[in-house]
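**Student:** Contents are mmCIF, C-alpha atoms; file name my_file_24.cif:
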```cif
data_target
#
loop_
_atom_site.group_PDB
_atom_site.id
_atom_site.type_symbol
_atom_site.label_atom_id
_atom_site.label_comp_id
_atom_site.auth_asym_id
_atom_site.auth_seq_id
_atom_site.Cartn_x
_atom_site.Cartn_y
_atom_site.Cartn_z
ATOM 1 C CA GLY A 4 19.121 -51.741 15.538
ATOM 2 C CA GLN A 5 16.291 -49.234 15.404
ATOM 3 C CA GLN A 6 13.871 -49.527 12.498
ATOM 4 C CA LEU A 7 10.774 -47.659 11.555
ATOM 5 C CA ASN A 8 7.328 -49.267 11.328
ATOM 6 C CA GLN A 9 6.530 -49.509 7.646
ATOM 7 C CA SER A 10 3.299 -50.915 6.233
ATOM 8 C CA PRO A 11 2.086 -52.799 4.437
ATOM 9 C CA GLN A 12 4.865 -55.379 4.272
ATOM 10 C CA SER A 13 3.828 -56.357 0.731
ATOM 11 C CA MET A 14 1.268 -55.391 -1.881
ATOM 12 C CA PHE A 15 -0.045 -57.181 -4.950
ATOM 13 C CA ILE A 16 -1.856 -54.857 -7.336
ATOM 14 C CA GLN A 17 -3.059 -54.618 -10.919
ATOM 15 C CA GLU A 18 -1.405 -52.301 -13.380
ATOM 16 C CA GLY A 19 -3.124 -48.913 -13.317
ATOM 17 C CA GLU A 20 -4.091 -49.055 -9.642
ATOM 18 C CA ASP A 21 -2.977 -46.503 -7.080
ATOM 19 C CA VAL A 22 -0.744 -47.547 -4.176
ATOM 20 C CA SER A 23 -0.328 -46.113 -0.699
ATOM 21 C CA MET A 24 2.247 -47.044 1.953
ATOM 22 C CA ASN A 25 3.225 -45.406 5.201
ATOM 23 C CA CYS A 26 5.881 -45.232 7.841
ATOM 24 C CA THR A 27 5.666 -44.364 11.536
ATOM 25 C CA SER A 28 8.235 -43.690 14.219
ATOM 26 C CA SER A 29 8.263 -43.299 17.982
ATOM 27 C CA SER A 30 10.691 -40.395 17.637
ATOM 28 C CA ILE A 31 10.640 -37.130 15.706
ATOM 29 C CA PHE A 32 12.614 -36.745 12.500
ATOM 30 C CA ASN A 33 13.690 -33.580 10.710
ATOM 31 C CA THR A 34 13.942 -35.297 7.329
ATOM 32 C CA TRP A 35 11.974 -38.128 5.732
ATOM 33 C CA LEU A 36 13.185 -39.877 2.590
ATOM 34 C CA TRP A 37 11.720 -42.539 0.359
ATOM 35 C CA TYR A 38 13.903 -44.978 -1.581
ATOM 36 C CA LYS A 39 13.237 -47.779 -4.084
ATOM 37 C CA GLN A 40 15.480 -50.818 -4.269
ATOM 38 C CA ASP A 41 15.593 -53.365 -7.068
ATOM 39 C CA PRO A 42 17.036 -56.850 -6.452
ATOM 40 C CA GLY A 43 20.815 -56.844 -6.162
ATOM 41 C CA GLU A 44 21.090 -53.058 -6.356
ATOM 42 C CA GLY A 45 21.439 -50.158 -3.982
ATOM 43 C CA PRO A 46 18.468 -47.999 -2.904
ATOM 44 C CA VAL A 47 17.576 -45.147 -5.258
ATOM 45 C CA LEU A 48 16.312 -41.888 -3.756
ATOM 46 C CA LEU A 49 12.765 -41.057 -4.860
ATOM 47 C CA ILE A 50 11.651 -38.133 -2.694
ATOM 48 C CA ALA A 51 13.117 -36.116 0.189
ATOM 49 C CA LEU A 52 10.928 -34.182 2.657
ATOM 50 C CA TYR A 53 12.209 -31.463 5.006
ATOM 51 C CA LYS A 54 9.237 -29.755 6.660
ATOM 52 C CA ALA A 55 6.313 -31.014 8.701
ATOM 53 C CA GLY A 56 3.217 -31.040 6.495
ATOM 54 C CA GLU A 57 5.244 -30.840 3.295
ATOM 55 C CA LEU A 58 3.705 -32.564 0.278
ATOM 56 C CA THR A 59 6.132 -33.314 -2.574
ATOM 57 C CA SER A 60 5.618 -35.006 -5.939
ATOM 58 C CA ASN A 61 8.011 -36.706 -8.324
ATOM 59 C CA GLY A 62 6.076 -37.769 -11.423
ATOM 60 C CA ARG A 63 3.472 -40.308 -10.366
ATOM 61 C CA LEU A 64 4.879 -40.397 -6.818
ATOM 62 C CA THR A 65 3.651 -38.177 -4.008
ATOM 63 C CA ALA A 66 4.967 -38.181 -0.461
ATOM 64 C CA GLN A 67 4.018 -36.256 2.654
ATOM 65 C CA PHE A 68 5.874 -35.385 5.853
ATOM 66 C CA GLY A 69 3.466 -35.917 8.732
ATOM 67 C CA ILE A 70 2.524 -32.922 10.897
ATOM 68 C CA THR A 71 3.657 -34.712 14.057
ATOM 69 C CA ARG A 72 7.057 -35.349 12.350
ATOM 70 C CA LYS A 73 6.672 -38.994 13.366
ATOM 71 C CA ASP A 74 5.195 -40.323 10.145
ATOM 72 C CA SER A 75 5.258 -40.133 6.373
ATOM 73 C CA PHE A 76 3.390 -41.709 3.493
ATOM 74 C CA LEU A 77 4.095 -42.437 -0.161
ATOM 75 C CA ASN A 78 1.480 -42.699 -2.895
ATOM 76 C CA ILE A 79 2.045 -44.083 -6.375
ATOM 77 C CA SER A 80 -0.637 -43.314 -8.924
ATOM 78 C CA ALA A 81 -1.496 -45.384 -12.000
ATOM 79 C CA SER A 82 1.072 -48.104 -11.264
ATOM 80 C CA ILE A 83 3.064 -49.663 -14.096
ATOM 81 C CA PRO A 84 5.130 -52.889 -14.200
ATOM 82 C CA SER A 85 8.435 -51.049 -13.644
ATOM 83 C CA ASP A 86 7.154 -49.873 -10.235
ATOM 84 C CA VAL A 87 7.892 -53.384 -8.958
ATOM 85 C CA GLY A 88 10.489 -53.373 -6.207
ATOM 86 C CA ILE A 89 11.001 -52.726 -2.512
ATOM 87 C CA TYR A 90 10.168 -49.276 -1.182
ATOM 88 C CA PHE A 91 11.907 -48.038 1.972
ATOM 89 C CA CYS A 92 11.179 -45.055 4.137
ATOM 90 C CA ALA A 93 14.050 -43.491 6.067
ATOM 91 C CA GLY A 94 14.181 -40.819 8.752
ATOM 92 C CA GLN A 95 17.066 -38.588 9.738
ATOM 93 C CA HIS A 96 17.550 -36.311 12.726
ATOM 94 C CA ASN A 97 19.750 -33.836 10.807
ATOM 95 C CA GLN A 98 22.448 -33.719 13.439
ATOM 96 C CA ALA A 99 26.064 -34.245 12.517
ATOM 97 C CA GLY A 100 26.813 -37.947 12.530
ATOM 98 C CA THR A 101 23.245 -39.120 12.621
ATOM 99 C CA ALA A 102 22.304 -42.005 10.437
ATOM 100 C CA LEU A 103 19.375 -42.756 8.214
ATOM 101 C CA ILE A 104 16.948 -44.986 10.119
ATOM 102 C CA PHE A 105 15.142 -47.290 7.702
ATOM 103 C CA GLY A 106 11.864 -49.151 7.705
ATOM 104 C CA LYS A 107 11.737 -52.841 6.787
ATOM 105 C CA GLY A 108 10.377 -52.051 3.347
ATOM 106 C CA THR A 109 7.200 -52.566 1.343
ATOM 107 C CA THR A 110 7.470 -55.089 -1.495
ATOM 108 C CA LEU A 111 5.330 -54.053 -4.440
ATOM 109 C CA SER A 112 4.214 -56.497 -7.119
ATOM 110 C CA VAL A 113 2.316 -55.261 -10.171
ATOM 111 C CA SER A 114 0.484 -57.595 -12.524
ATOM 112 C CA SER A 115 -0.311 -56.473 -16.034
ATOM 113 C CA ASP B 22 28.533 -37.304 -13.320
ATOM 114 C CA ALA B 23 29.287 -40.785 -12.068
ATOM 115 C CA GLY B 24 27.317 -42.053 -9.121
ATOM 116 C CA VAL B 25 28.661 -43.774 -6.041
ATOM 117 C CA THR B 26 30.918 -46.677 -6.956
ATOM 118 C CA GLN B 27 31.789 -49.660 -4.783
ATOM 119 C CA SER B 28 34.234 -52.513 -5.141
ATOM 120 C CA PRO B 29 34.275 -55.409 -5.274
ATOM 121 C CA THR B 30 30.771 -56.330 -6.412
ATOM 122 C CA HIS B 31 30.810 -59.727 -4.768
ATOM 123 C CA LEU B 32 33.110 -61.331 -2.238
ATOM 124 C CA ILE B 33 33.297 -64.756 -0.645
ATOM 125 C CA LYS B 34 35.291 -65.228 2.550
ATOM 126 C CA THR B 35 35.585 -67.854 5.257
ATOM 127 C CA ARG B 36 35.029 -67.386 8.970
ATOM 128 C CA GLY B 37 37.892 -65.638 10.744
ATOM 129 C CA GLN B 38 39.170 -63.873 7.659
ATOM 130 C CA GLN B 39 39.368 -60.129 7.154
ATOM 131 C CA VAL B 40 37.778 -58.076 4.378
ATOM 132 C CA THR B 41 38.173 -54.562 2.973
ATOM 133 C CA LEU B 42 35.413 -52.896 0.999
ATOM 134 C CA ARG B 43 35.902 -49.710 -1.009
ATOM 135 C CA CYS B 44 33.712 -46.781 -1.926
ATOM 136 C CA SER B 45 34.109 -43.703 -4.109
ATOM 137 C CA PRO B 46 31.557 -40.942 -3.502
ATOM 138 C CA ILE B 47 29.871 -38.683 -6.006
ATOM 139 C CA SER B 48 32.167 -35.854 -7.094
ATOM 140 C CA GLY B 49 31.773 -32.924 -4.718
ATOM 141 C CA HIS B 50 30.384 -35.026 -1.878
ATOM 142 C CA LYS B 51 32.459 -34.941 1.282
ATOM 143 C CA SER B 52 30.530 -37.380 3.464
ATOM 144 C CA VAL B 53 30.421 -41.160 3.185
ATOM 145 C CA SER B 54 28.222 -43.474 5.218
ATOM 146 C CA TRP B 55 28.285 -47.271 5.418
ATOM 147 C CA TYR B 56 25.267 -49.500 5.925
ATOM 148 C CA GLN B 57 24.740 -53.238 6.310
ATOM 149 C CA GLN B 58 21.633 -54.788 4.766
ATOM 150 C CA VAL B 59 20.713 -58.368 5.556
ATOM 151 C CA LEU B 60 18.078 -60.156 3.515
ATOM 152 C CA GLY B 61 14.552 -58.952 4.217
ATOM 153 C CA GLN B 62 15.595 -55.929 6.260
ATOM 154 C CA GLY B 63 16.271 -52.271 5.685
ATOM 155 C CA PRO B 64 19.855 -51.004 5.754
ATOM 156 C CA GLN B 65 21.462 -50.608 9.203
ATOM 157 C CA PHE B 66 23.878 -47.752 9.849
ATOM 158 C CA ILE B 67 27.507 -48.664 10.536
ATOM 159 C CA PHE B 68 29.607 -45.484 10.143
ATOM 160 C CA GLN B 69 29.509 -41.942 8.840
ATOM 161 C CA TYR B 70 32.622 -39.988 7.840
ATOM 162 C CA TYR B 71 32.933 -36.338 6.923
ATOM 163 C CA GLU B 72 36.144 -34.588 5.955
ATOM 164 C CA LYS B 73 38.115 -37.694 6.951
ATOM 165 C CA GLU B 74 36.739 -37.749 10.484
ATOM 166 C CA GLU B 75 34.304 -40.227 11.980
ATOM 167 C CA ARG B 76 31.055 -38.400 12.720
ATOM 168 C CA GLY B 77 28.839 -41.277 13.740
ATOM 169 C CA ARG B 78 28.938 -44.969 14.565
ATOM 170 C CA GLY B 79 26.120 -47.479 14.711
ATOM 171 C CA ASN B 80 25.698 -50.437 17.043
ATOM 172 C CA PHE B 81 28.345 -52.678 15.499
ATOM 173 C CA PRO B 82 31.263 -54.460 17.214
ATOM 174 C CA ASP B 83 34.840 -53.207 17.137
ATOM 175 C CA ARG B 84 35.600 -55.747 14.417
ATOM 176 C CA PHE B 85 34.145 -53.131 12.079
ATOM 177 C CA SER B 86 36.318 -50.140 11.252
ATOM 178 C CA ALA B 87 36.482 -47.574 8.486
ATOM 179 C CA ARG B 88 38.431 -44.615 7.240
ATOM 180 C CA GLN B 89 38.086 -41.818 4.725
ATOM 181 C CA PHE B 90 40.887 -40.618 2.511
ATOM 182 C CA PRO B 91 41.818 -37.065 1.395
ATOM 183 C CA ASN B 92 39.989 -37.643 -1.922
ATOM 184 C CA TYR B 93 36.869 -38.529 0.162
ATOM 185 C CA SER B 94 36.870 -42.197 -0.865
ATOM 186 C CA SER B 95 36.403 -44.643 1.973
ATOM 187 C CA GLU B 96 37.191 -48.168 3.089
ATOM 188 C CA LEU B 97 35.244 -50.420 5.428
ATOM 189 C CA ASN B 98 37.209 -53.162 7.172
ATOM 190 C CA VAL B 99 35.740 -56.134 8.947
ATOM 191 C CA ASN B 100 38.009 -58.437 10.963
ATOM 192 C CA ALA B 101 37.418 -61.958 12.275
ATOM 193 C CA LEU B 102 34.467 -62.529 9.975
ATOM 194 C CA LEU B 103 31.429 -64.378 11.307
ATOM 195 C CA LEU B 104 28.706 -66.137 9.343
ATOM 196 C CA GLY B 105 26.329 -63.389 10.447
ATOM 197 C CA ASP B 106 28.407 -60.780 8.633
ATOM 198 C CA SER B 107 27.046 -62.091 5.345
ATOM 199 C CA ALA B 108 25.088 -59.178 3.898
ATOM 200 C CA LEU B 109 24.932 -56.454 1.274
ATOM 201 C CA TYR B 110 27.222 -53.613 2.342
ATOM 202 C CA LEU B 111 26.084 -50.267 1.036
ATOM 203 C CA CYS B 112 27.985 -47.033 0.773
ATOM 204 C CA ALA B 113 26.142 -43.719 0.565
ATOM 205 C CA SER B 114 27.552 -40.300 -0.202
ATOM 206 C CA SER B 115 26.204 -36.843 0.591
ATOM 207 C CA ARG B 116 27.478 -33.273 0.319
ATOM 208 C CA THR B 117 27.552 -32.913 4.088
ATOM 209 C CA THR B 118 26.365 -35.051 6.967
ATOM 210 C CA VAL B 119 22.800 -33.720 6.797
ATOM 211 C CA ASN B 120 22.068 -33.737 3.057
ATOM 212 C CA GLU B 121 20.335 -36.469 1.043
ATOM 213 C CA GLN B 122 22.328 -39.686 0.874
ATOM 214 C CA PHE B 123 22.823 -41.410 -2.472
ATOM 215 C CA PHE B 124 23.660 -45.096 -2.437
ATOM 216 C CA GLY B 125 26.056 -47.189 -4.449
ATOM 217 C CA PRO B 126 25.224 -50.647 -5.824
ATOM 218 C CA GLY B 127 26.655 -52.398 -2.790
ATOM 219 C CA THR B 128 29.115 -55.213 -2.159
ATOM 220 C CA ARG B 129 27.593 -58.632 -1.559
ATOM 221 C CA LEU B 130 29.684 -60.371 1.134
ATOM 222 C CA THR B 131 29.219 -64.070 1.748
ATOM 223 C CA VAL B 132 30.962 -65.660 4.722
ATOM 224 C CA LEU B 133 31.255 -69.460 4.634
#
```
Just dump the structure as structure tokens.
**Tutor:**
Amino acid sequence: GQQLNQSPQSMFIQEGEDVSMNCTSSSIFNTWLWYKQDPGEGPVLLIALYKAGELTSNGRLTAQFGITRKDSFLNISASIPSDVGIYFCAGQHNQAGTALIFGKGTTLSVSS
Amino acid sequence: DAGVTQSPTHLIKTRGQQVTLRCSPISGHKSVSWYQQVLGQGPQFIFQYYEKEERGRGNFPDRFSARQFPNYSSELNVNALLLGDSALYLCASSRTTVNEQFFGPGTRLTVL
């Protein structure tokens, strides 16, 4: 099935560092979402973006909806150990019956 | 309010058997979507239901079927199980088909 191009695949950082990950698509989306998934659990919604160029924050997380509507990025500032997990981007076309299209995920490891 | 609930948590079946997975959406949400997540990948869309009607279907064989009940809960059925059906099956609920989707904890299906 279709998946978005998400990078990097994995990151190993020190506690306190900032993190940046991005997602690109060959098609235009009307909505971009970012989720975090811990082992054995379902994805948890972090940020939802609805307009091209939109910049939205949720605590230490900031995400942007690319102007071309084909990309999005997520930044995490001052990382902490509980940020460990897999981060997924997802795009949606906002038509009835359209699915979320997910990236393959970015695995984040934080050492204290 | 309770989040999305799924049952069972884990399930072990043998090839050729049939399985039924259940999902209860967040109160007030009328749309349920099903996703399959294999290890190392992002979730893949299977079905979306809204107001008891199928609104979207992903690229999965006819062995996969689903339905939504008047109380908006949903079941996913998989017939003639194959080893490749082993995965985490996620249910997501949303107010309508175009709003943010919130995921349940998933059902881990193992086919032997």
**Student:** Quick one: residues within 9 Å of Asp74 of chain A, only C-alpha atoms counted, chain neighbours fewer than 6 positions away excluded, as a ChimeraX atom specification?
**Tutor:** /A:25-29,31-32,35,67-68
**Student:** Go through B:Gln69, B:Tyr93, B:Val132, B:Gln62 one by one, measure the shortest atom-to-atom distance of each to Asn8 of chain A using only C-alpha atoms, and give the residue with the smallest value.
**Tutor:**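 Smallest distance to Asn8 of chain A is found for B:Gln62.
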**Student:** Please compute the atom CA of Ala93 of chain A-atom CA of Glu57 of chain A distance, one decimal, in Å.
**Tutor:** 15.7 Å
**Student:** Here's the selection I'm unsure about, the PyMOL selection byres ((chain A) within 8 of (chain B)); applied to the file above, which residues does it give, as a PyMOL selection string?
**Tutor:** chain A and resi 4+6+43-48+51+91+97-108
**Student:** Using only C-alpha atoms, determine which residues lie at most 7 Å from segment 76-89 of chain A, disregarding the query and same-chain residues fewer than 3 positions distant; provide the list as a PDB file with C-alpha atoms, in the frame of the given file.
**Tutor:**
```pdb
ATOM      1  CA  GLU A  18      -1.405 -52.301 -13.380  1.00  0.00           C
ATOM      2  CA  GLY A  19      -3.124 -48.913 -13.317  1.00  0.00           C
ATOM      3  CA  GLU A  20      -4.091 -49.055  -9.642  1.00  0.00           C
ATOM      4  CA  ASP A  21      -2.977 -46.503  -7.080  1.00  0.00           C
ATOM      5  CA  VAL A  22      -0.744 -47.547  -4.176  1.00  0.00           C
ATOM      6  CA  SER A  23      -0.328 -46.113  -0.699  1.00  0.00           C
ATOM      7  CA  MET A  24       2.247 -47.044   1.953  1.00  0.00           C
ATOM      8  CA  ASN A  25       3.225 -45.406   5.201  1.00  0.00           C
ATOM      9  CA  CYS A  26       5.881 -45.232   7.841  1.00  0.00           C
ATOM     10  CA  LYS A  39      13.237 -47.779  -4.084  1.00  0.00           C
ATOM     11  CA  GLN A  40      15.480 -50.818  -4.269  1.00  0.00           C
ATOM     12  CA  ASP A  41      15.593 -53.365  -7.068  1.00  0.00           C
ATOM     13  CA  ARG A  63       3.472 -40.308 -10.366  1.00  0.00           C
ATOM     14  CA  LEU A  64       4.879 -40.397  -6.818  1.00  0.00           C
ATOM     15  CA  THR A  65       3.651 -38.177  -4.008  1.00  0.00           C
ATOM     16  CA  ALA A  66       4.967 -38.181  -0.461  1.00  0.00           C
ATOM     17  CA  GLN A  67       4.018 -36.256   2.654  1.00  0.00           C
ATOM     18  CA  GLY A 108      10.377 -52.051   3.347  1.00  0.00           C
ATOM     19  CA  THR A 109       7.200 -52.566   1.343  1.00  0.00           C
ATOM     20  CA  THR A 110       7.470 -55.089  -1.495  1.00  0.00           C
ATOM     21  CA  LEU A 111       5.330 -54.053  -4.440  1.00  0.00           C
ATOM     22  CA  SER A 112       4.214 -56.497  -7.119  1.00  0.00           C
ATOM     23  CA  VAL A 113       2.316 -55.261 -10.171  1.00  0.00           C
ATOM     24  CA  SER A 114       0.484 -57.595 -12.524  1.00  0.00           C
ATOM     25  CA  SER A 115      -0.311 -56.473 -16.034  1.00  0.00           C
TER      26      SER A 115
END
```
**Student:** Missing atoms in segment 58-88 of chain A: fill them in up to N, CA and C atoms and send the result as a short mmCIF file (atom, residue, chain, number, x, y, z; two decimals), in the frame of the given file.
**Tutor:**
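Dumped everything to rebuild28.cif:
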```
data_model
loop_
_atom_site.label_atom_id
_atom_site.label_comp_id
_atom_site.auth_asym_id
_atom_site.auth_seq_id
_atom_site.Cartn_x
_atom_site.Cartn_y
_atom_site.Cartn_z
N LEU A 58 4.20 -31.61 1.26
CA LEU A 58 3.70 -32.56 0.28
C LEU A 58 4.54 -32.37 -0.98
N THR A 59 5.22 -33.42 -1.44
CA THR A 59 6.13 -33.31 -2.57
C THR A 59 5.84 -34.40 -3.59
N SER A 60 5.88 -34.04 -4.87
CA SER A 60 5.62 -35.01 -5.94
C SER A 60 6.85 -35.18 -6.81
N ASN A 61 6.96 -36.38 -7.36
CA ASN A 61 8.01 -36.71 -8.32
C ASN A 61 7.36 -37.61 -9.37
N GLY A 62 6.82 -36.99 -10.43
CA GLY A 62 6.08 -37.77 -11.42
C GLY A 62 4.81 -38.33 -10.82
N ARG A 63 4.67 -39.65 -10.90
CA ARG A 63 3.47 -40.31 -10.37
C ARG A 63 3.57 -40.56 -8.85
N LEU A 64 4.67 -40.18 -8.25
CA LEU A 64 4.88 -40.40 -6.82
C LEU A 64 4.60 -39.12 -6.04
N THR A 65 3.92 -39.29 -4.92
CA THR A 65 3.65 -38.18 -4.01
C THR A 65 3.93 -38.65 -2.59
N ALA A 66 4.66 -37.83 -1.84
CA ALA A 66 4.97 -38.18 -0.46
C ALA A 66 4.65 -37.01 0.45
N GLN A 67 4.30 -37.31 1.69
CA GLN A 67 4.02 -36.26 2.65
C GLN A 67 4.77 -36.49 3.96
N PHE A 68 5.21 -35.41 4.56
CA PHE A 68 5.87 -35.38 5.85
C PHE A 68 4.78 -35.11 6.88
N GLY A 69 4.55 -36.06 7.78
CA GLY A 69 3.47 -35.92 8.73
C GLY A 69 3.63 -34.71 9.65
N ILE A 70 2.51 -34.12 10.06
CA ILE A 70 2.52 -32.92 10.90
C ILE A 70 3.19 -33.18 12.24
N THR A 71 3.03 -34.38 12.77
CA THR A 71 3.66 -34.71 14.06
C THR A 71 5.16 -34.96 13.92
N ARG A 72 5.65 -35.04 12.69
CA ARG A 72 7.06 -35.35 12.35
C ARG A 72 7.43 -36.78 12.71
N LYS A 73 6.41 -37.61 13.02
CA LYS A 73 6.67 -38.99 13.37
C LYS A 73 6.17 -39.95 12.30
N ASP A 74 5.68 -39.42 11.17
CA ASP A 74 5.20 -40.32 10.14
C ASP A 74 5.30 -39.69 8.76
N SER A 75 5.21 -40.57 7.76
CA SER A 75 5.26 -40.13 6.37
C SER A 75 4.53 -41.17 5.53
N PHE A 76 3.99 -40.74 4.40
CA PHE A 76 3.39 -41.71 3.49
C PHE A 76 3.83 -41.45 2.06
N LEU A 77 3.74 -42.51 1.25
CA LEU A 77 4.10 -42.44 -0.16
C LEU A 77 2.93 -42.99 -0.97
N ASN A 78 2.50 -42.24 -1.97
CA ASN A 78 1.48 -42.70 -2.90
C ASN A 78 2.07 -42.84 -4.28
N ILE A 79 1.68 -43.90 -4.98
CA ILE A 79 2.04 -44.08 -6.38
C ILE A 79 0.75 -44.16 -7.16
N SER A 80 0.59 -43.31 -8.14
CA SER A 80 -0.64 -43.31 -8.92
C SER A 80 -0.42 -44.07 -10.23
N ALA A 81 -1.50 -44.70 -10.70
CA ALA A 81 -1.50 -45.38 -12.00
C ALA A 81 -0.26 -46.27 -12.16
N SER A 82 -0.13 -47.26 -11.30
CA SER A 82 1.07 -48.10 -11.26
C SER A 82 1.33 -48.78 -12.61
N ILE A 83 2.61 -48.99 -12.88
CA ILE A 83 3.06 -49.66 -14.10
C ILE A 83 4.02 -50.78 -13.69
N PRO A 84 4.28 -51.75 -14.57
CA PRO A 84 5.13 -52.89 -14.20
C PRO A 84 6.50 -52.51 -13.65
N SER A 85 7.10 -51.43 -14.12
CA SER A 85 8.44 -51.05 -13.64
C SER A 85 8.42 -50.47 -12.22
N ASP A 86 7.23 -50.31 -11.64
CA ASP A 86 7.15 -49.87 -10.24
C ASP A 86 7.48 -51.01 -9.28
N VAL A 87 7.57 -52.23 -9.79
CA VAL A 87 7.89 -53.38 -8.96
C VAL A 87 9.23 -53.17 -8.26
N GLY A 88 9.26 -53.50 -6.98
CA GLY A 88 10.49 -53.37 -6.21
C GLY A 88 10.17 -53.24 -4.73
#
```
